[in-house]
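Pasted below: model.cif, mmCIF, C-alpha atoms and all ligand atoms.
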data_final
#
loop_
_atom_site.label_atom_id
_atom_site.label_comp_id
_atom_site.auth_asym_id
_atom_site.auth_seq_id
_atom_site.Cartn_x
_atom_site.Cartn_y
_atom_site.Cartn_z
CA MET A 95 127.27 88.86 117.03
CA GLU A 96 127.88 87.13 113.69
CA LYS A 97 130.05 89.01 111.19
CA LEU A 98 130.39 89.00 107.42
CA GLY A 99 133.15 87.11 105.65
CA GLU A 100 135.72 88.69 103.33
CA GLN A 101 133.18 90.39 101.06
CA ALA A 102 133.25 94.21 101.17
CA SER A 103 129.61 95.20 101.38
CA ARG A 104 128.19 98.67 101.75
CA LEU A 105 124.74 99.56 102.98
CA VAL A 106 123.23 102.91 102.07
CA LEU A 107 120.77 104.19 104.68
CA VAL A 108 118.30 106.96 103.79
CA LEU A 109 117.26 109.14 106.75
CA TYR A 110 113.96 110.86 107.42
CA PRO A 111 115.15 114.05 109.11
CA PHE A 112 113.39 114.08 112.51
CA GLN A 113 114.81 113.07 115.87
CA GLY A 114 112.49 110.09 116.41
CA HIS A 115 113.61 108.67 113.03
CA ILE A 116 117.27 109.73 113.04
CA ASN A 117 117.94 107.90 116.34
CA PRO A 118 116.71 104.43 115.30
CA MET A 119 118.29 104.69 111.82
CA LEU A 120 121.72 105.57 113.21
CA GLN A 121 121.35 102.82 115.82
CA LEU A 122 120.53 100.36 113.04
CA ALA A 123 123.58 101.61 111.13
CA THR A 124 125.66 100.79 114.22
CA ILE A 125 124.21 97.25 114.30
CA PHE A 126 125.11 96.69 110.63
CA HIS A 127 128.54 98.24 111.10
CA SER A 128 129.23 95.81 113.94
CA LYS A 129 128.44 92.99 111.50
CA GLY A 130 131.12 94.20 109.09
CA TYR A 131 129.23 96.45 106.67
CA SER A 132 130.49 99.82 105.48
CA ILE A 133 127.83 102.42 106.04
CA THR A 134 126.82 105.44 103.99
CA ILE A 135 124.12 107.69 105.44
CA VAL A 136 122.23 109.79 102.90
CA HIS A 137 120.17 112.58 104.44
CA PRO A 138 118.25 115.70 103.35
CA GLU A 139 119.83 119.08 104.19
CA PHE A 140 117.12 119.83 106.74
CA ASN A 141 118.00 118.74 110.33
CA SER A 142 121.35 117.26 109.24
CA PRO A 143 122.88 114.85 111.77
CA ASN A 144 126.32 115.68 113.15
CA PRO A 145 128.83 113.41 111.32
CA SER A 146 131.51 113.92 113.99
CA ASN A 147 129.39 111.87 116.44
CA HIS A 148 129.66 108.89 114.06
CA PRO A 149 133.15 108.92 112.50
CA GLN A 150 132.76 105.30 111.35
CA PHE A 151 130.04 106.26 108.80
CA THR A 152 130.17 108.29 105.56
CA PHE A 153 127.53 111.05 105.50
CA ILE A 154 126.16 112.51 102.25
CA SER A 155 123.73 115.43 102.24
CA ILE A 156 121.28 115.70 99.32
CA PRO A 157 119.34 118.85 98.36
CA ASP A 158 115.75 118.79 99.69
CA ARG A 159 114.43 122.14 98.28
CA LEU A 160 112.09 122.40 101.29
CA LEU A 161 112.38 126.19 101.39
CA GLU A 162 111.28 126.42 97.74
CA SER A 163 108.41 124.00 98.41
CA LYS A 164 107.27 126.31 101.27
CA VAL A 165 106.16 123.41 103.47
CA SER A 166 105.19 124.02 107.07
CA LEU A 167 107.24 122.23 109.70
CA SER A 168 104.42 121.98 112.24
CA PRO A 169 103.43 118.46 113.36
CA GLY A 170 99.85 119.05 112.17
CA ASP A 171 101.04 119.43 108.60
CA PHE A 172 103.82 116.96 108.50
CA MET A 173 102.34 114.79 105.73
CA SER A 174 102.91 117.70 103.28
CA LEU A 175 106.53 117.64 104.38
CA VAL A 176 106.72 113.88 103.72
CA LEU A 177 105.26 114.40 100.23
CA ALA A 178 107.71 117.24 99.48
CA LEU A 179 110.73 115.19 100.61
CA ASN A 180 109.63 112.23 98.49
CA LYS A 181 109.18 114.45 95.45
CA ASN A 182 112.30 116.57 95.86
CA CYS A 183 114.86 114.00 96.98
CA ALA A 184 114.33 111.24 94.38
CA ALA A 185 116.56 112.65 91.61
CA PRO A 186 119.37 113.71 94.03
CA LEU A 187 119.37 110.23 95.65
CA LYS A 188 119.61 108.55 92.27
CA GLN A 189 122.54 110.77 91.26
CA CYS A 190 124.22 110.15 94.57
CA LEU A 191 123.88 106.35 94.27
CA LYS A 192 125.16 106.38 90.69
CA ARG A 193 128.20 108.30 91.89
CA ILE A 194 128.81 105.80 94.70
CA LEU A 195 128.50 102.89 92.23
CA ASP A 196 130.91 104.58 89.77
CA GLU A 197 133.50 105.33 92.40
CA MET A 198 133.33 102.00 94.25
CA HIS A 199 136.27 99.59 94.26
CA PRO A 200 135.69 96.53 92.03
CA TYR A 201 135.62 94.23 95.08
CA GLU A 202 132.95 96.33 96.80
CA ARG A 203 129.17 96.12 96.31
CA ILE A 204 126.06 97.88 97.58
CA ALA A 205 124.17 95.20 99.49
CA GLY A 206 121.00 97.25 99.87
CA ILE A 207 119.28 100.59 100.30
CA VAL A 208 117.74 100.73 103.77
CA TYR A 209 115.23 103.58 103.87
CA ASP A 210 112.97 105.04 106.51
CA ALA A 211 109.43 103.95 105.59
CA LEU A 212 108.45 107.60 105.13
CA MET A 213 111.19 108.04 102.49
CA TYR A 214 109.45 105.53 100.21
CA PHE A 215 110.80 107.18 97.02
CA ALA A 216 114.05 105.35 97.84
CA GLN A 217 112.39 102.04 96.88
CA THR A 218 111.71 103.37 93.35
CA VAL A 219 115.30 104.60 93.07
CA ALA A 220 116.58 101.20 94.28
CA ASP A 221 114.35 99.41 91.74
CA ASP A 222 115.64 101.65 88.92
CA LEU A 223 119.22 100.81 89.81
CA GLY A 224 118.57 97.10 90.37
CA LEU A 225 119.44 97.28 94.08
CA PRO A 226 117.48 95.64 96.94
CA GLY A 227 115.31 98.14 98.83
CA ILE A 228 114.72 97.50 102.54
CA SER A 229 112.14 99.48 104.48
CA MET A 230 112.95 100.46 108.08
CA ARG A 231 109.94 100.89 110.35
CA PRO A 232 110.65 103.09 113.38
CA THR A 233 107.13 102.66 114.82
CA ALA A 234 105.25 99.83 116.52
CA ALA A 235 104.66 96.86 114.21
CA ALA A 236 100.92 97.43 114.70
CA MET A 237 101.35 100.66 112.70
CA LEU A 238 102.74 98.50 109.94
CA LEU A 239 99.27 97.13 109.38
CA PHE A 240 98.64 100.36 107.47
CA ALA A 241 101.50 99.46 105.19
CA VAL A 242 100.57 95.88 104.43
CA ILE A 243 96.77 95.91 104.49
CA PRO A 244 95.07 98.64 102.44
CA HIS A 245 92.04 98.97 104.79
CA PRO A 246 93.15 98.17 108.32
CA ASP A 247 91.05 97.96 111.44
CA GLN A 248 89.11 101.21 111.95
CA ALA A 249 90.34 101.40 115.52
CA MET A 250 93.78 102.25 114.16
CA SER A 251 92.74 105.05 111.87
CA GLU A 252 92.19 108.74 112.60
CA ASN A 253 90.16 110.30 109.76
CA PRO A 254 92.96 110.43 107.19
CA THR A 255 93.53 113.68 105.30
CA ASP A 256 94.20 113.59 101.52
CA ALA A 257 97.94 113.95 102.13
CA MET A 258 97.85 111.09 104.68
CA SER A 259 96.00 108.81 102.23
CA GLU A 260 98.51 109.64 99.50
CA VAL A 261 101.45 108.86 101.80
CA ARG A 262 99.85 105.57 102.91
CA ALA A 263 99.14 104.44 99.35
CA ALA A 264 102.68 105.27 98.23
CA ALA A 265 104.22 103.58 101.28
CA LEU A 266 102.09 100.47 100.68
CA ASN A 267 103.21 100.38 97.08
CA ALA A 268 106.88 100.65 98.08
CA THR A 269 106.49 97.94 100.73
CA LYS A 270 105.10 95.52 98.14
CA ARG A 271 108.24 95.95 96.08
CA SER A 272 110.72 95.91 98.97
CA SER A 273 113.01 92.96 99.61
CA ALA A 274 112.39 93.10 103.36
CA MET A 275 111.17 95.20 106.25
CA ILE A 276 113.03 95.81 109.47
CA ALA A 277 110.95 96.75 112.51
CA ASN A 278 112.21 98.31 115.73
CA THR A 279 110.19 96.05 118.01
CA MET A 280 110.32 92.76 119.91
CA ASP A 281 108.16 89.75 119.05
CA PHE A 282 106.75 89.29 122.56
CA LEU A 283 105.50 92.89 122.69
CA GLU A 284 103.34 92.62 119.60
CA GLU A 285 102.55 88.98 118.92
CA ALA A 286 99.01 89.55 117.57
CA ALA A 287 99.94 92.41 115.24
CA LEU A 288 103.01 90.59 113.96
CA SER A 289 101.18 87.39 113.08
CA LYS A 290 98.58 89.42 111.17
CA ILE A 291 101.29 91.29 109.30
CA LYS A 292 103.08 88.07 108.38
CA GLU A 293 99.80 86.76 106.89
CA TYR A 294 99.51 89.72 104.54
CA SER A 295 102.97 91.05 103.96
CA PRO A 296 104.59 90.34 100.61
CA ALA A 297 108.03 91.08 102.11
CA PRO A 298 109.64 89.24 105.05
CA ILE A 299 109.71 91.23 108.27
CA PHE A 300 112.65 91.19 110.68
CA THR A 301 111.95 92.31 114.24
CA ILE A 302 115.30 93.28 115.65
CA GLY A 303 114.50 95.89 118.29
CA PRO A 304 115.11 97.70 120.42
CA PHE A 305 117.95 98.86 118.17
CA HIS A 306 119.49 101.03 120.89
CA LYS A 307 120.11 97.98 123.07
CA LEU A 308 121.45 95.70 120.36
CA ALA A 309 124.28 98.05 119.43
CA PRO A 310 124.48 101.11 121.64
CA SER A 311 125.56 104.06 119.50
CA ASN A 312 126.77 107.58 120.17
CA SER A 313 124.19 110.27 120.72
CA SER A 314 122.42 111.50 117.59
CA SER A 315 120.59 114.34 119.32
CA LEU A 316 119.94 117.43 117.23
CA LEU A 317 119.82 119.51 120.44
CA LYS A 318 122.65 119.64 122.96
CA GLU A 319 122.13 117.18 125.83
CA ASP A 320 122.40 118.77 129.27
CA ALA A 321 124.58 116.48 131.39
CA TYR A 322 123.82 118.48 134.56
CA CYS A 323 120.63 116.46 135.06
CA ILE A 324 122.67 113.28 135.58
CA SER A 325 124.61 114.82 138.48
CA TRP A 326 121.27 116.08 139.85
CA LEU A 327 119.84 112.52 139.55
CA ASP A 328 122.90 111.16 141.41
CA LYS A 329 121.71 113.10 144.49
CA GLN A 330 118.14 111.71 144.48
CA ALA A 331 116.79 108.65 146.32
CA PRO A 332 116.37 105.41 144.30
CA LYS A 333 113.18 105.25 142.20
CA SER A 334 111.96 108.61 143.56
CA VAL A 335 112.12 110.82 140.45
CA ILE A 336 109.48 111.26 137.80
CA TYR A 337 111.08 112.09 134.44
CA VAL A 338 108.86 114.26 132.21
CA SER A 339 109.44 114.63 128.47
CA PHE A 340 107.23 115.06 125.44
CA GLY A 341 109.80 114.15 122.80
CA SER A 342 111.02 116.26 119.91
CA MET A 343 107.86 117.32 118.14
CA ALA A 344 104.79 117.52 120.39
CA SER A 345 103.63 120.98 121.39
CA LEU A 346 101.73 122.25 124.42
CA SER A 347 99.87 125.47 125.23
CA LYS A 348 101.09 128.10 127.71
CA GLN A 349 98.32 127.02 130.09
CA ASP A 350 99.44 123.36 129.83
CA ILE A 351 102.92 124.38 131.04
CA VAL A 352 101.47 126.19 134.05
CA GLU A 353 99.20 123.23 134.94
CA ILE A 354 102.07 120.75 134.60
CA ALA A 355 104.28 122.99 136.76
CA TRP A 356 101.73 123.09 139.59
CA GLY A 357 100.87 119.40 139.22
CA LEU A 358 104.56 118.54 139.65
CA ALA A 359 105.04 121.02 142.50
CA ASN A 360 102.01 119.77 144.43
CA SER A 361 102.86 116.08 143.92
CA GLU A 362 105.82 116.53 146.32
CA GLN A 363 107.86 114.10 144.17
CA PRO A 364 111.31 115.02 142.80
CA PHE A 365 111.06 115.60 139.05
CA LEU A 366 113.27 116.04 136.00
CA TRP A 367 111.40 117.97 133.30
CA VAL A 368 112.52 118.53 129.70
CA ILE A 369 111.20 121.83 128.35
CA ARG A 370 112.71 122.00 124.87
CA PRO A 371 112.62 125.30 122.99
CA GLY A 372 109.46 125.20 120.87
CA LEU A 373 107.55 122.87 123.21
CA VAL A 374 105.23 125.86 123.43
CA LEU A 375 105.18 127.23 119.88
CA GLY A 376 107.28 130.37 119.47
CA SER A 377 108.64 130.24 123.02
CA GLU A 378 111.56 128.97 125.09
CA GLY A 379 109.01 127.56 127.52
CA THR A 380 110.86 128.17 130.78
CA GLU A 381 109.88 131.89 130.86
CA LEU A 382 106.26 130.72 131.23
CA LEU A 383 106.91 129.11 134.62
CA PRO A 384 105.35 131.01 137.54
CA GLU A 385 107.89 132.57 139.94
CA SER A 386 106.20 131.07 143.00
CA PHE A 387 106.61 127.63 141.38
CA GLN A 388 110.40 128.01 141.35
CA GLU A 389 110.33 129.05 145.02
CA LYS A 390 108.10 126.12 145.99
CA VAL A 391 110.10 123.36 144.30
CA GLY A 392 113.68 124.62 144.81
CA GLU A 393 116.17 121.76 144.48
CA ARG A 394 113.37 119.16 144.23
CA GLY A 395 112.97 119.91 140.53
CA CYS A 396 115.46 119.93 137.67
CA ILE A 397 114.50 121.49 134.32
CA VAL A 398 116.61 121.08 131.17
CA LYS A 399 116.15 121.90 127.48
CA TRP A 400 117.20 118.42 126.32
CA ALA A 401 118.29 115.39 128.33
CA PRO A 402 120.47 112.36 127.56
CA GLN A 403 117.22 110.36 127.75
CA ARG A 404 118.54 106.80 127.53
CA GLU A 405 120.98 107.53 130.36
CA VAL A 406 118.21 109.19 132.38
CA LEU A 407 115.86 106.21 132.02
CA ALA A 408 118.66 103.83 133.01
CA HIS A 409 119.42 105.86 136.16
CA ASP A 410 118.57 104.29 139.52
CA ALA A 411 116.84 107.43 140.79
CA VAL A 412 114.16 107.36 138.07
CA GLY A 413 110.95 105.64 139.16
CA GLY A 414 108.50 106.85 136.50
CA PHE A 415 108.33 108.47 133.08
CA TRP A 416 105.61 110.92 132.09
CA THR A 417 105.76 110.53 128.32
CA HIS A 418 103.99 111.56 125.10
CA CYS A 419 104.36 107.87 124.09
CA GLY A 420 106.65 108.28 121.08
CA TRP A 421 107.76 104.78 120.02
CA ASN A 422 111.45 105.38 120.81
CA SER A 423 110.60 106.70 124.26
CA THR A 424 108.30 103.71 124.78
CA LEU A 425 111.01 101.19 123.86
CA GLU A 426 113.64 103.03 125.90
CA SER A 427 111.36 102.94 128.95
CA VAL A 428 110.41 99.27 128.46
CA SER A 429 114.12 98.36 128.16
CA GLU A 430 114.86 99.96 131.54
CA GLY A 431 111.75 98.71 133.33
CA VAL A 432 110.40 102.23 133.94
CA ALA A 433 106.63 102.56 134.42
CA MET A 434 104.90 105.33 132.45
CA LEU A 435 102.34 108.07 132.82
CA CYS A 436 100.91 108.50 129.32
CA LYS A 437 99.74 111.67 127.61
CA PRO A 438 99.79 111.01 123.86
CA CYS A 439 99.63 114.07 121.60
CA PHE A 440 99.22 112.86 118.01
CA GLY A 441 99.54 110.03 115.47
CA ASP A 442 100.89 106.65 116.58
CA GLN A 443 101.31 107.90 120.17
CA PHE A 444 97.67 106.94 120.90
CA LEU A 445 98.28 103.40 119.73
CA ASN A 446 101.46 103.19 121.82
CA MET A 447 99.56 104.46 124.86
CA ARG A 448 97.00 101.65 124.44
CA TYR A 449 99.82 99.10 124.37
CA ILE A 450 101.46 100.61 127.47
CA CYS A 451 98.34 101.03 129.63
CA TYR A 452 95.95 98.30 128.48
CA VAL A 453 97.99 95.51 126.85
CA TRP A 454 101.30 95.45 128.73
CA LYS A 455 99.77 97.24 131.75
CA ILE A 456 102.95 99.12 132.63
CA GLY A 457 101.48 102.62 132.68
CA LEU A 458 98.57 104.89 133.53
CA GLU A 459 96.66 107.00 131.04
CA LEU A 460 96.38 110.70 131.79
CA ASP A 461 93.29 111.53 129.79
CA ASN A 462 91.38 114.73 129.06
CA GLU A 463 92.75 118.22 129.60
CA LEU A 464 95.89 118.87 131.59
CA GLU A 465 94.74 120.10 134.99
CA ARG A 466 96.97 120.50 138.06
CA GLY A 467 94.81 118.45 140.47
CA LYS A 468 94.51 115.52 138.07
CA ILE A 469 98.23 115.64 137.30
CA GLU A 470 99.13 115.64 141.00
CA GLY A 471 96.77 112.68 141.57
CA ALA A 472 98.15 110.68 138.62
CA ILE A 473 101.78 111.23 139.69
CA LYS A 474 100.97 110.01 143.21
CA ARG A 475 99.10 106.97 141.83
CA LEU A 476 102.14 105.98 139.78
CA MET A 477 104.95 106.91 142.16
CA VAL A 478 103.50 106.31 145.64
CA ASP A 479 100.27 104.26 145.70
CA ILE A 480 100.04 100.46 145.81
CA GLU A 481 98.62 100.57 142.26
CA GLY A 482 101.92 102.11 141.14
CA VAL A 483 103.92 99.37 142.87
CA GLU A 484 102.09 96.72 140.84
CA ILE A 485 102.60 98.63 137.60
CA ARG A 486 106.29 99.07 138.34
CA ASN A 487 106.67 95.35 139.08
CA LYS A 488 105.11 94.57 135.70
CA ALA A 489 107.49 97.04 134.04
CA MET A 490 110.44 95.18 135.62
CA ASP A 491 109.07 91.87 134.31
CA LEU A 492 108.92 93.32 130.81
CA LYS A 493 112.50 94.57 131.12
CA LYS A 494 113.63 91.01 131.91
CA LYS A 495 111.78 89.68 128.86
CA ALA A 496 113.43 92.36 126.72
CA GLU A 497 116.85 91.29 128.00
CA ILE A 498 116.13 87.68 126.99
CA CYS A 499 115.12 88.86 123.51
CA LEU A 500 118.49 90.53 123.01
CA ARG A 501 120.66 87.66 124.28
CA GLU A 502 122.09 84.93 122.07
CA GLY A 503 119.13 82.75 121.04
CA GLY A 504 116.60 85.53 121.74
CA THR A 505 114.20 86.64 119.01
CA SER A 506 115.76 90.03 118.24
CA TYR A 507 119.29 88.64 118.33
CA SER A 508 118.39 85.76 116.00
CA SER A 509 116.32 87.95 113.69
CA SER A 510 119.22 90.34 113.14
CA ASN A 511 121.54 87.45 112.22
CA GLU A 512 118.85 85.93 110.00
CA PHE A 513 118.50 89.26 108.20
CA THR A 514 122.22 89.36 107.43
CA LYS A 515 122.16 85.80 106.12
CA ARG A 516 118.96 85.80 104.09
CA ILE A 517 118.69 89.26 102.67
CA LEU A 518 122.14 90.66 102.33
N1 LIG B 1 115.15 112.40 123.51
C1 LIG B 1 116.33 112.78 124.09
N2 LIG B 1 116.31 113.77 125.01
C2 LIG B 1 115.17 114.41 125.39
C3 LIG B 1 113.95 113.99 124.80
C4 LIG B 1 113.98 112.97 123.87
O1 LIG B 1 117.41 112.23 123.79
O2 LIG B 1 115.24 115.32 126.22
C5 LIG B 1 115.19 111.31 122.50
C6 LIG B 1 114.55 110.05 123.03
O3 LIG B 1 115.51 109.28 123.73
C7 LIG B 1 114.03 109.38 121.76
C8 LIG B 1 113.78 110.55 120.82
O4 LIG B 1 114.44 111.69 121.37
O5 LIG B 1 115.02 108.53 121.23
C9 LIG B 1 112.31 110.89 120.69
O6 LIG B 1 111.68 109.92 119.92
P1 LIG B 1 110.20 109.46 120.20
O7 LIG B 1 109.85 108.43 119.19
O8 LIG B 1 110.04 109.05 121.61
O9 LIG B 1 109.33 110.77 120.02
P2 LIG B 1 109.25 111.90 118.88
O10 LIG B 1 110.28 112.92 119.24
O11 LIG B 1 109.52 111.25 117.55
O12 LIG B 1 107.87 112.43 119.02
#
Show me this structure written as structure tokens.
Ligand code: UDP
Amino acid sequence: MEKLGEQASRLVLVLYPFQGHINPMLQLATIFHSKGYSITIVHPEFNSPNPSNHPQFTFISIPDRLLESKVSLSPGDFMSLVLALNKNCAAPLKQCLKRILDEMHPYERIAGIVYDALMYFAQTVADDLGLPGISMRPTAAAMLLFAVIPHPDQAMSENPTDAMSEVRAAALNATKRSSAMIANTMDFLEEAALSKIKEYSPAPIFTIGPFHKLAPSNSSSLLKEDAYCISWLDKQAPKSVIYVSFGSMASLSKQDIVEIAWGLANSEQPFLWVIRPGLVLGSEGTELLPESFQEKVGERGCIVKWAPQREVLAHDAVGGFWTHCGWNSTLESVSEGVAMLCKPCFGDQFLNMRYICYVWKIGLELDNELERGKIEGAIKRLMVDIEGVEIRNKAMDLKKKAEICLREGGTSYSSSNEFTKRIL
């Protein structure tokens, strides 16, 4: 990987405080650090990352006043949270940057403010201070169409609320003023969307994903990863296990948990299931599992509160991933050639599911309500049937393409070097 020369350059990265955004931003920080940049991570107080996992970076917490703003933290209302963060964090970020500029050595400079696209206030702060603002997009590039074209294809939109429209308008405005956008994707995955974006976008876009493969970083999990599941996987036959996880934010009903439990039990496949506290609102989740389920599955099932997901997906024993189709999970699965069973819950997950099942054809859609018979059938289709074999072969082909992208001369590799040269 190309490195900087003698110049001492610092990048300030502004985090949006949720797991699916913290991971790619800290991975991107690792990529920049490997190219010779000093890294400062500015983050709201809410969901603070653990600095001791990343001793090479400087972490600065800024007040977010979320308690005062009385915003709800439920996924259904998360646009109000975005608006509150953008309102409350602007002045603290400006103060923080002024302090960094005042205290910097004369030979040092801030090369840019890289902000999560949902923290668009950072662009205004960067403009005020005469610094380049760079927007980081942790979603599929196709979602970026919202940011660069005011009225995108109807198929992408989901009856926007007032808060959603306000966020989109503000994000669009910030994008127009940004010096560049960085997207966590690969060109070959999204050729059509990317060429459309390039037609409209005022700022150059650099596609340098998947970040986690370009510069593997330490874990940035907010919950403790349970390593037991790796020793459990070590005892399973190759490609036999279905890994089940709905990410960090999606929620299910009590009945959903019971249906999933019986679907997994009756499928006769080994499974690793992440039931994080809060997956069922106000509950630990595991207490909802029927007793006879535990007896039926015994050692065939492993349930954890949080898994080291990238390691799980890279494990030989894993043959399928039942996912909520978060973009990070999607990229992590594509990178390891793992076929998916898709049950999107909200937002961009529906778009990602369409990519997985109908464009790349490396997954099956689990539509309608969660029901044990349908779940059992879908797991068998993916893990056992001839249909599943074809899907898994396609997933392996995509993995190989992803590897080419990341090698010297590949699109993501070149784009990350180009970014360093042209923008910074
Ligand atoms: N993740 C993890 N352990 C788990 C479940 C998820 O480390 O048990 C990580 C996963 O690897 C991914 C992130 O959490 O990087 C979830 O992001 P994603 O975009 O898939 O979904 P979100 O949580 O934002 O809905």
Counting only C-alpha atoms, note down every residue that has an atom within 12 Å of the point (103.2, 89.3, 109.7) (file coordinates), as an MDAnalysis selection string. chainID A and resid 235:239 241:243 274:277 281 284:301
Counting only C-alpha atoms and all ligand atoms, name the residues that have an atom within 9 Å of an atom of ligand LIG 1 (chain B); the answer should be given as an MDAnalysis selection string. chainID A and resid 112:118 232:233 306 313:320 338:344 367:370 398:407 417:426 439:440 443
Export, as a CSV table (one decimal), in the coordinates of the input, the selected residues with C-alpha atoms.
chain,number,residue,atom,x,y,z
A,112,PHE,CA,113.4,114.1,112.5
A,113,GLN,CA,114.8,113.1,115.9
A,114,GLY,CA,112.5,110.1,116.4
A,115,HIS,CA,113.6,108.7,113.0
A,116,ILE,CA,117.3,109.7,113.0
A,117,ASN,CA,117.9,107.9,116.3
A,118,PRO,CA,116.7,104.4,115.3
A,232,PRO,CA,110.6,103.1,113.4
A,233,THR,CA,107.1,102.7,114.8
A,306,HIS,CA,119.5,101.0,120.9
A,313,SER,CA,124.2,110.3,120.7
A,314,SER,CA,122.4,111.5,117.6
A,315,SER,CA,120.6,114.3,119.3
A,316,LEU,CA,119.9,117.4,117.2
A,317,LEU,CA,119.8,119.5,120.4
A,318,LYS,CA,122.6,119.6,123.0
A,319,GLU,CA,122.1,117.2,125.8
A,320,ASP,CA,122.4,118.8,129.3
A,338,VAL,CA,108.9,114.3,132.2
A,339,SER,CA,109.4,114.6,128.5
A,340,PHE,CA,107.2,115.1,125.4
A,341,GLY,CA,109.8,114.2,122.8
A,342,SER,CA,111.0,116.3,119.9
A,343,MET,CA,107.9,117.3,118.1
A,344,ALA,CA,104.8,117.5,120.4
A,367,TRP,CA,111.4,118.0,133.3
A,368,VAL,CA,112.5,118.5,129.7
A,369,ILE,CA,111.2,121.8,128.4
A,370,ARG,CA,112.7,122.0,124.9
A,398,VAL,CA,116.6,121.1,131.2
A,399,LYS,CA,116.2,121.9,127.5
A,400,TRP,CA,117.2,118.4,126.3
A,401,ALA,CA,118.3,115.4,128.3
A,402,PRO,CA,120.5,112.4,127.6
A,403,GLN,CA,117.2,110.4,127.8
A,404,ARG,CA,118.5,106.8,127.5
A,405,GLU,CA,121.0,107.5,130.4
A,406,VAL,CA,118.2,109.2,132.4
A,407,LEU,CA,115.9,106.2,132.0
A,417,THR,CA,105.8,110.5,128.3
A,418,HIS,CA,104.0,111.6,125.1
A,419,CYS,CA,104.4,107.9,124.1
A,420,GLY,CA,106.6,108.3,121.1
A,421,TRP,CA,107.8,104.8,120.0
A,422,ASN,CA,111.4,105.4,120.8
A,423,SER,CA,110.6,106.7,124.3
A,424,THR,CA,108.3,103.7,124.8
A,425,LEU,CA,111.0,101.2,123.9
A,426,GLU,CA,113.6,103.0,125.9
A,439,CYS,CA,99.6,114.1,121.6
A,440,PHE,CA,99.2,112.9,118.0
A,443,GLN,CA,101.3,107.9,120.2
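Shortest separation to A:Asp491 among A:Met477, A:Leu109, A:Val432, A:Leu161 occurs at residue A:Val432, atoms counted being all atoms listed in the file.
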Separation of atom CA of A:Thr514 from atom CA of A:Ser273, in Å and rounded to one decimal: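 Interatomic distance here is 12.6 Å.
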Contacts of A:Tyr110 at 9 Å or less, counting only C-alpha atoms, minus same-chain residues fewer than 6 places along, as a PyMOL selection string? chain A and resi 116+119+137-138+176+179+209-213
Which residue out of A:Ala216, A:Ala331, A:Leu383, A:Met230 has the minimum interatomic distance to A:Glu353 when all atoms listed in the file are used?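 Distance minimum relative to A:Glu353 lands on A:Leu383.
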Residues within 10 Å of A:Ser311, please, as a PyMOL selection string. Count all atoms listed in the file; anything in the same chain fewer than 3 positions from it doesn't count. chain A and resi 117-118+120-125+147-148+305-308+314
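Take atom CA of A:Asp171 and atom CA of A:Gly441: the distance between them is 11.7 Å.
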Of the residues A:Asp442, A:Gly413, A:Lys129, A:Leu346, which is the one nearest to A:Ile485, using all atoms listed in the file?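 Looking at the shortest contact to A:Ile485, the residue is A:Gly413.
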What lies within 12 Å of A:Gly414 using only C-alpha atoms, ignoring chain neighbours under 2 positions off, as a ChimeraX atom specification? /A:332-339,363-367,406-412,416-417,427-428,430-436,456-458,472-478,482-483,485-487,489-490
To one decimal in Å, tell me the separation between atom CA of A:Asp222 and atom CA of A:Asn141.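 Atom CA of A:Asn141 lies 27.5 Å from atom CA of A:Asp222.
Remark: for A:Gly372, the closest of the candidate residues A:Arg262, A:Ser345, A:Asn360, A:Leu107 is A:Ser345 (distances computed over all atoms listed in the file).
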Pick from A:Leu327, A:Ile469, A:Ile135, A:Leu373, whichever lies nearest to A:Gln150 using all atoms listed in the file: A:Ile135
Residue nearest A:Leu225 - candidates A:Leu266, A:Leu105, A:Val453, A:Val352, atoms counted: only C-alpha atoms: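 Distance minimum relative to A:Leu225 lands on A:Leu105.
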Using all atoms listed in the file, which residues sit within 9 Å of A:Ala178 once same-chain residues fewer than 5 positions away are excluded, as a tab-separated table (two decimals) with C-alpha atoms, keeping the file's coordinate frame?
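Below is the file result-v1.tsv, written as the result:
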chain	number	residue	atom	x	y	z
A	158	ASP	CA	115.75	118.79	99.69
A	159	ARG	CA	114.43	122.14	98.28
A	160	LEU	CA	112.09	122.40	101.29
A	163	SER	CA	108.41	124.00	98.41
A	165	VAL	CA	106.16	123.41	103.47
A	173	MET	CA	102.34	114.79	105.73
A	183	CYS	CA	114.86	114.00	96.98
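Using all atoms listed in the file, the residues found no farther than 12 Å from A:Ile204, other than those of its own chain fewer than 5 positions away, are Gln101, Ala102, Ser103, Arg104, Leu105, Val106, Leu107, Tyr131, Ser132, Ile133, Thr134, Leu191, Lys192, Ile194, Leu195, Asp196, Glu197, Met198, His199, Ala220, Leu223, Gly224, Leu225, Pro226, Gly227 and Leu518 of chain A.
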